[in-house]
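Shown next: input-v8.cif, given as mmCIF, C-alpha atoms.
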```
data_upload
loop_
_atom_site.label_atom_id
_atom_site.label_comp_id
_atom_site.auth_asym_id
_atom_site.auth_seq_id
_atom_site.Cartn_x
_atom_site.Cartn_y
_atom_site.Cartn_z
CA MET W 1 -21.40 1.48 10.33
CA ALA W 2 -22.53 -1.78 8.71
CA LYS W 3 -21.15 -2.67 5.31
CA GLU W 4 -23.58 -2.29 2.45
CA SER W 5 -24.18 -5.21 0.16
CA LYS W 6 -22.92 -5.19 -3.40
CA ALA W 7 -26.46 -4.76 -4.67
CA ALA W 8 -27.31 -1.89 -2.33
CA LYS W 9 -26.52 0.80 -4.86
CA GLN W 10 -26.96 1.06 -8.61
CA PRO W 11 -24.76 3.00 -11.06
CA THR W 12 -25.71 6.64 -11.63
CA LYS W 13 -24.77 9.24 -14.24
CA LYS W 14 -21.86 10.28 -12.02
CA THR W 15 -20.47 6.75 -11.88
CA ALA W 16 -16.91 6.42 -13.11
CA LYS W 17 -15.58 3.34 -14.87
CA ASN W 18 -12.39 1.35 -14.52
CA GLU W 19 -9.97 0.35 -17.26
CA ASN W 20 -12.22 -2.57 -18.26
CA GLY W 21 -15.24 -0.29 -18.63
CA LYS W 22 -16.96 -1.71 -15.54
CA PRO W 23 -19.08 0.79 -13.58
CA GLN W 24 -18.07 1.96 -10.14
CA PRO W 25 -21.38 2.24 -8.24
CA PRO W 26 -21.86 4.35 -5.11
CA GLN W 27 -21.01 2.19 -2.10
CA ARG W 28 -19.97 2.48 1.53
CA GLN W 29 -18.15 0.21 3.97
CA SER W 30 -17.03 0.53 7.56
CA PRO W 31 -13.27 0.98 8.04
CA PRO W 32 -10.87 -0.59 7.25
CA GLY W 33 -12.91 -2.09 4.40
CA ASP W 34 -13.34 -5.51 2.82
CA GLN W 35 -11.95 -6.15 -0.66
CA ASP W 36 -14.40 -8.96 -1.44
CA ALA W 37 -17.34 -6.63 -0.78
CA MET W 38 -16.21 -4.00 -3.30
CA LEU W 39 -18.09 -3.59 -6.58
CA PRO W 40 -16.35 -4.23 -8.85
CA GLU W 41 -13.69 -6.16 -6.95
CA PRO W 42 -10.20 -4.69 -7.47
CA GLU W 43 -7.87 -6.44 -9.90
CA THR W 44 -4.91 -7.87 -8.01
CA ILE W 45 -2.89 -9.02 -11.01
CA SER W 46 -3.42 -8.69 -14.74
CA PRO W 47 -3.91 -11.92 -16.70
CA ASN W 48 -1.31 -10.52 -19.10
CA TYR W 49 1.43 -10.22 -16.45
CA LYS W 50 4.50 -12.31 -17.35
CA PRO W 51 6.72 -13.19 -14.36
CA ALA W 52 10.43 -13.71 -14.98
CA GLY W 53 11.83 -14.93 -11.66
CA LYS W 54 13.11 -11.45 -10.80
CA LEU W 55 12.87 -12.05 -7.01
CA ALA W 56 13.78 -15.73 -6.79
CA GLY W 57 15.26 -16.64 -3.41
CA LYS W 58 14.18 -13.37 -1.78
CA THR W 59 12.03 -12.75 1.28
CA ALA W 60 9.81 -9.66 1.43
CA LEU W 61 8.05 -8.13 4.43
CA ILE W 62 5.00 -6.13 3.33
CA THR W 63 2.83 -4.05 5.65
CA GLY W 64 -0.83 -3.79 4.68
CA GLY W 65 -0.33 -6.76 2.38
CA ASP W 66 -3.75 -8.25 3.04
CA SER W 67 -5.66 -6.22 0.43
CA GLY W 68 -5.50 -3.45 -2.14
CA ILE W 69 -2.07 -2.36 -3.33
CA GLY W 70 -0.37 -4.44 -0.63
CA ARG W 71 -2.07 -7.65 -1.76
CA SER W 72 -1.19 -6.93 -5.36
CA VAL W 73 2.46 -6.32 -4.47
CA ALA W 74 2.55 -9.54 -2.43
CA VAL W 75 1.08 -11.60 -5.27
CA HIS W 76 3.39 -10.07 -7.89
CA PHE W 77 6.41 -10.69 -5.65
CA ALA W 78 5.32 -14.30 -5.11
CA LYS W 79 4.95 -14.82 -8.84
CA GLU W 80 8.49 -13.49 -9.21
CA GLY W 81 9.75 -16.12 -6.74
CA ALA W 82 9.76 -14.37 -3.35
CA ASP W 83 8.51 -15.68 -0.02
CA ILE W 84 6.18 -13.20 1.69
CA ALA W 85 5.58 -12.02 5.24
CA ILE W 86 2.51 -9.83 5.64
CA ILE W 87 1.75 -7.55 8.58
CA TYR W 88 -1.87 -6.40 8.71
CA LEU W 89 -4.20 -4.90 11.31
CA ASN W 90 -7.25 -7.16 11.72
CA GLU W 91 -8.67 -7.93 8.26
CA HIS W 92 -8.29 -11.69 8.73
CA ASP W 93 -10.48 -12.83 5.83
CA ASP W 94 -8.61 -10.64 3.32
CA ALA W 95 -5.26 -11.77 4.73
CA GLU W 96 -6.14 -15.46 4.48
CA LYS W 97 -7.29 -15.01 0.89
CA THR W 98 -3.99 -13.31 0.04
CA LYS W 99 -2.05 -16.14 1.69
CA LYS W 100 -4.03 -18.69 -0.32
CA ILE W 101 -3.10 -16.95 -3.58
CA ILE W 102 0.58 -16.81 -2.58
CA THR W 103 0.80 -20.45 -1.51
CA LYS W 104 -0.79 -21.49 -4.82
CA GLU W 105 2.29 -19.94 -6.43
CA GLY W 106 4.41 -22.35 -4.40
CA ARG W 107 5.75 -19.65 -2.09
CA ASN W 108 5.71 -19.40 1.69
CA CYS W 109 3.48 -16.80 3.36
CA LEU W 110 3.53 -15.71 7.00
CA LEU W 111 0.65 -13.63 8.36
CA ILE W 112 1.10 -11.39 11.42
CA ASP W 113 -1.74 -9.22 12.72
CA GLY W 114 -1.25 -6.15 14.89
CA ASP W 115 -0.76 -2.39 15.08
CA ILE W 116 2.44 -1.18 13.39
CA GLY W 117 2.02 2.14 15.18
CA ASP W 118 3.29 0.29 18.28
CA TYR W 119 7.09 -0.08 18.29
CA GLN W 120 7.03 -3.10 20.60
CA PHE W 121 4.67 -4.90 18.23
CA CYS W 122 7.03 -4.10 15.33
CA GLU W 123 9.94 -5.60 17.29
CA LYS W 124 7.96 -8.76 17.93
CA ALA W 125 6.82 -9.02 14.30
CA VAL W 126 10.31 -8.58 12.85
CA ARG W 127 11.74 -11.22 15.19
CA MET W 128 8.96 -13.58 14.14
CA VAL W 129 9.68 -13.07 10.44
CA GLN W 130 13.42 -13.53 10.90
CA LYS W 131 12.88 -16.69 12.95
CA GLU W 132 10.40 -18.23 10.50
CA MET W 133 11.76 -16.99 7.16
CA GLY W 134 15.34 -15.90 7.77
CA HIS W 135 16.90 -12.83 6.18
CA ILE W 136 14.59 -10.03 5.03
CA HIS W 137 15.77 -8.80 1.62
CA ILE W 138 12.90 -6.43 0.84
CA LEU W 139 10.91 -4.18 3.18
CA VAL W 140 7.73 -2.71 1.70
CA ASN W 141 6.23 -0.03 3.96
CA ASN W 142 2.74 0.15 2.51
CA ALA W 143 0.12 0.20 5.30
CA ALA W 144 -1.76 3.47 5.81
CA GLU W 145 -4.97 4.96 7.12
CA GLN W 146 -6.89 8.12 6.28
CA HIS W 147 -9.76 10.03 7.90
CA PRO W 148 -11.37 12.79 5.79
CA HIS W 149 -12.52 16.00 7.48
CA GLU W 150 -13.92 19.32 6.27
CA GLY W 151 -11.23 21.61 7.69
CA ILE W 152 -8.51 21.89 10.30
CA GLU W 153 -11.07 23.00 12.91
CA ASP W 154 -12.69 19.55 12.52
CA LEU W 155 -9.42 17.65 12.87
CA ASP W 156 -9.46 15.19 15.76
CA LEU W 157 -5.97 15.40 17.27
CA ASN W 158 -6.10 11.85 18.58
CA ILE W 159 -6.93 10.53 15.11
CA MET W 160 -4.24 12.77 13.64
CA GLU W 161 -1.63 11.25 15.95
CA LYS W 162 -2.83 7.73 15.13
CA THR W 163 -2.57 8.50 11.41
CA PHE W 164 1.02 9.67 11.83
CA ARG W 165 1.90 6.59 13.89
CA THR W 166 0.51 4.22 11.28
CA ASN W 167 1.63 6.03 8.15
CA ILE W 168 5.11 7.35 8.94
CA PHE W 169 6.25 6.43 12.48
CA ALA W 170 5.89 2.75 11.57
CA MET W 171 8.23 3.22 8.61
CA PHE W 172 10.91 4.54 10.96
CA TYR W 173 10.25 1.67 13.39
CA LEU W 174 10.55 -1.09 10.78
CA ALA W 175 13.50 0.46 8.96
CA LYS W 176 15.34 0.86 12.27
CA LEU W 177 14.70 -2.80 13.08
CA ILE W 178 15.44 -4.33 9.67
CA VAL W 179 17.99 -2.14 7.86
CA PRO W 180 20.93 -2.95 10.20
CA SER W 181 20.83 -6.58 9.04
CA MET W 182 20.31 -5.76 5.36
CA ARG W 183 23.05 -6.47 2.84
CA LYS W 184 24.20 -4.91 -0.40
CA GLY W 185 21.44 -5.40 -2.95
CA ASP W 186 18.60 -5.38 -0.41
CA CYS W 187 16.02 -2.61 -0.53
CA VAL W 188 13.26 -0.61 1.11
CA ILE W 189 10.19 0.53 -0.84
CA ASN W 190 7.75 3.04 0.66
CA THR W 191 4.22 3.82 -0.50
CA THR W 192 3.67 7.57 -0.60
CA SER W 193 0.84 9.27 -2.56
CA VAL W 194 -0.05 11.85 -5.16
CA THR W 195 -1.48 13.84 -2.23
CA ALA W 196 2.11 14.56 -1.14
CA TYR W 197 2.50 16.53 -4.38
CA ARG W 198 -1.03 17.68 -5.25
CA ALA W 199 -2.41 17.91 -1.69
CA ASN W 200 -5.99 17.24 -0.59
CA PRO W 201 -7.97 19.85 1.38
CA ASN W 202 -9.95 17.18 3.22
CA LEU W 203 -6.99 14.91 4.06
CA LEU W 204 -4.68 17.32 5.90
CA ASP W 205 -3.03 14.78 8.19
CA TYR W 206 -2.92 11.96 5.62
CA SER W 207 -1.37 14.22 2.96
CA SER W 208 1.16 15.47 5.51
CA THR W 209 2.24 11.93 6.36
CA LYS W 210 2.68 11.18 2.68
CA GLY W 211 4.86 14.26 2.28
CA ALA W 212 6.92 13.02 5.21
CA ILE W 213 7.23 9.59 3.56
CA THR W 214 8.62 11.18 0.40
CA ALA W 215 11.23 13.09 2.43
CA PHE W 216 12.01 9.96 4.47
CA THR W 217 12.53 7.98 1.26
CA ARG W 218 14.92 10.51 -0.23
CA SER W 219 16.87 10.97 3.00
CA LEU W 220 17.19 7.28 3.85
CA GLY W 221 18.14 6.59 0.23
CA LYS W 222 21.11 8.93 0.52
CA ASN W 223 21.97 7.59 3.97
CA LEU W 224 22.22 3.99 2.77
CA ALA W 225 23.56 4.52 -0.76
CA GLU W 226 27.19 3.71 0.11
CA LYS W 227 26.07 0.43 1.69
CA GLY W 228 24.36 -0.62 -1.54
CA ILE W 229 20.92 -0.70 0.08
CA ARG W 230 18.40 1.08 -2.13
CA VAL W 231 15.41 3.07 -0.83
CA ASN W 232 12.68 4.18 -3.20
CA GLY W 233 8.98 4.99 -3.21
CA VAL W 234 5.82 4.66 -5.27
CA ALA W 235 3.26 7.47 -5.31
CA PRO W 236 -0.12 6.10 -6.44
CA GLY W 237 -2.91 8.34 -7.61
CA PRO W 238 -6.57 7.27 -7.18
CA ILE W 239 -6.40 3.47 -6.92
CA TRP W 240 -9.41 1.19 -6.37
CA THR W 241 -8.77 -0.29 -2.90
CA PRO W 242 -10.83 -0.93 0.28
CA LEU W 243 -9.52 2.37 1.68
CA ILE W 244 -11.82 4.23 -0.74
CA PRO W 245 -15.34 2.94 0.10
CA SER W 246 -14.40 2.76 3.79
CA THR W 247 -13.39 6.43 4.07
CA PHE W 248 -15.31 8.36 1.39
CA GLY W 249 -19.04 8.91 0.88
CA PRO W 250 -20.94 6.88 -1.75
CA ASP W 251 -21.08 9.68 -4.35
CA ASP W 252 -17.37 10.43 -3.98
CA VAL W 253 -16.64 6.74 -4.40
CA ALA W 254 -18.73 6.62 -7.58
CA SER W 255 -16.73 9.44 -9.18
CA PHE W 256 -13.34 8.47 -7.71
CA GLY W 257 -10.59 8.82 -10.31
CA LYS W 258 -12.75 10.67 -12.82
CA ASP W 259 -10.71 13.89 -12.47
CA THR W 260 -7.46 12.30 -13.68
CA PRO W 261 -6.28 12.88 -17.28
CA MET W 262 -7.15 9.23 -17.97
CA LYS W 263 -10.66 9.84 -16.55
CA ARG W 264 -10.71 6.64 -14.52
CA VAL W 265 -9.59 4.94 -11.33
CA GLY W 266 -6.44 2.83 -11.33
CA GLN W 267 -6.22 -0.81 -10.31
CA PRO W 268 -3.75 -2.32 -7.80
CA SER W 269 -2.51 -4.49 -10.68
CA GLU W 270 -1.37 -1.31 -12.42
CA VAL W 271 0.69 -0.16 -9.41
CA ALA W 272 2.38 -3.34 -8.22
CA PRO W 273 4.73 -3.79 -11.22
CA ALA W 274 6.45 -0.54 -10.16
CA PHE W 275 7.28 -2.26 -6.86
CA VAL W 276 8.62 -5.29 -8.74
CA TYR W 277 10.93 -3.01 -10.72
CA LEU W 278 12.20 -1.27 -7.58
CA ALA W 279 12.69 -4.58 -5.73
CA SER W 280 14.58 -6.29 -8.54
CA SER W 281 18.05 -5.98 -10.00
CA ASP W 282 16.52 -3.99 -12.87
CA SER W 283 16.78 -0.88 -10.66
CA THR W 284 20.31 -1.21 -9.26
CA TYR W 285 21.11 2.44 -10.17
CA VAL W 286 17.92 3.86 -8.66
CA THR W 287 17.69 5.12 -5.09
CA GLY W 288 15.96 7.99 -3.29
CA GLN W 289 13.41 8.19 -6.12
CA VAL W 290 9.62 8.05 -6.38
CA ILE W 291 7.68 6.46 -9.26
CA HIS W 292 4.35 8.16 -9.97
CA VAL W 293 1.49 5.87 -10.97
CA ASN W 294 -1.40 8.29 -11.09
CA GLY W 295 -3.27 8.25 -14.39
CA GLY W 296 -1.36 11.13 -15.95
CA ASP W 297 -1.37 13.77 -13.20
CA ILE W 298 1.82 15.81 -13.77
CA VAL W 299 3.60 16.59 -10.50
CA ASN W 300 6.83 18.26 -9.45
CA ALA W 301 8.67 15.13 -8.42
#
```

Could you render the structure from this file as C-alpha cells?
Amino acid sequence: MAKESKAAKQPTKKTAKNENGKPQPPQRQSPPGDQDAMLPEPETISPNYKPAGKLAGKTALITGGDSGIGRSVAVHFAKEGADIAIIYLNEHDDAEKTKKIITKEGRNCLLIDGDIGDYQFCEKAVRMVQKEMGHIHILVNNAAEQHPHEGIEDLDLNIMEKTFRTNIFAMFYLAKLIVPSMRKGDCVINTTSVTAYRANPNLLDYSSTKGAITAFTRSLGKNLAEKGIRVNGVAPGPIWTPLIPSTFGPDDVASFGKDTPMKRVGQPSEVAPAFVYLASSDSTYVTGQVIHVNGGDIVNA
C-alpha cells in the first residue's frame, strides 16, 4: 500500500490531540512506517529535557532505534553521554536521520540493518558492535512488529511466528550473545506493552509476545541479580510512533490514545526518560521491574 501524503486527510470530530494540542488526523502508511511522513511528527526529545551525563562512557545497543520510541531512547542516551549502536530492519532514511541527531551530540553511532528474528544475523551484528565500539554496557530490546486481525480464526500462523521471532525470540538471542560479557553495573532493558496487562482483542499474537517479554524480564532479572546485572522493562501505553499509522486504519489512528485517562496519545519523548533512569546508576536497586508509561491506565503490575 502506498503511503498517503500528510495533506491527504483532514482532522475530523473524532480526531484526538497530543500533549501540545495538535490534531491527529486520519492517516495510513505501509508497514513498517516512516516517521517523517507522520502528521504531526512524533516528538523525539522535549526541549525542556536537561541531560546530566548519566551515561557518560557507556555504549548502548538498541534494536528498533531508527524511529519512534527507539529513536527517542537513542537520542536521550546520546545526550547523556553514551555511544549508540542501532539495529533496524530496513528503514534507512529514518536510521540515517537518527544517526545524524546522535552525531550532532558528539557521540558515535553505528547502524546495522537486518532481521533480528534470525539468530545468525544477531551473532553477526553483536560481533560488529563489539569490534567497532567495544564493550556493550546497555542492551535495549525495543524492536517489535504487530499485525491486527479480527479474531483467532483470521490469524495467519506464518505472521504469528514472525511476530514471535521479532518480538521475543530476538530478546533471547541478543541476551544470550551479550549478557555473558556484561559486568556488574551493566543492564538490559526490554520494551513490553500495556497490552501485556490490559490485552487487545485484535492483537492476540502481539499481546502474547508482550506478556512473554514481561515474564522474560522478571525471570532474567532474578537470574542475573547476584552478578549485579540489572534487567528491567518499560510498558508503554498508546504512543505516537510509525507503528500506529502503518498497522491501524485511518479512523483508529485519529482516535488513538483517546480512551486513556489523560485522553490523549503519548509521545516517544515521554517514554524515553524511563529508559534513562533504568540505564543509569539512579536505579541500582531496581531489577526485574516494569515501569508503566501509559497515560494513567491502572494495571496489575

If you count only C-alpha atoms, which residues fall within 6 Å of segment 247-252 of chain W, apart from same-chain ones fewer than 5 positions away, as a compact mmCIF listing (two decimals) with C-alpha atoms, keeping the file's coordinate frame?
```
# COMPACT_ATOMS: atom_id res chain seq x y z
CA PRO W 26 -21.86 4.35 -5.11
CA GLN W 27 -21.01 2.19 -2.10
CA ARG W 28 -19.97 2.48 1.53
```

message: For the PyMOL selection byres ((chain W and resi 153-160) around 12), applied here, can you spell out every residue it catches as a PyMOL selection string?
response: chain W and resi 145-152+161-168+201-209

task: Show which residues sit within 7 Å of segment 33-48 of chain W, as a ChimeraX atom specification. Count all atoms listed in the file, and ignore same-chain residues fewer than 3 positions away.
output: /W:6,24-25,29-30,67,71-72,94,240-243,246,267-269

task: Report as an NGL selection string the full result of the PyMOL selection byres ((chain W and resi 81) around 6) when it is applied to this structure.
output: :W and (53 or 55-56 or 78-80 or 82)

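For the pair atom CA of Met128 of chain W and atom CA of Lys222 of chain W, the separation is 29.0 Å.
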
- prompt: Taking all atoms listed in the file into account, which of W:Ser281, W:Ile84, W:Ala144, W:Thr195 comes nearest Ala52 of chain W?
  reply: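 Among the listed residues, the smallest separation from Ala52 of chain W belongs to W:Ser281.
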
- request: Write out as number ranges by chain which residues come within 12 Å of Ser280 of chain W when counting only C-alpha atoms, dropping same-chain ones fewer than 4 positions away.
  value: W: 51-58, 60, 76-77, 80-82, 137-138, 185-189, 230, 232, 273-276, 284-286

- prompt: Selected by the PyMOL selection byres ((chain W and resi 120-124) around 12) in the shown coordinates: which residues, as a ChimeraX atom specification?
  reply: /W:61,63,87-89,112-119,125-131,165-166,169-178

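The space between atom CA of Gly221 of chain W and atom CA of Gln289 of chain W spans 8.1 Å.
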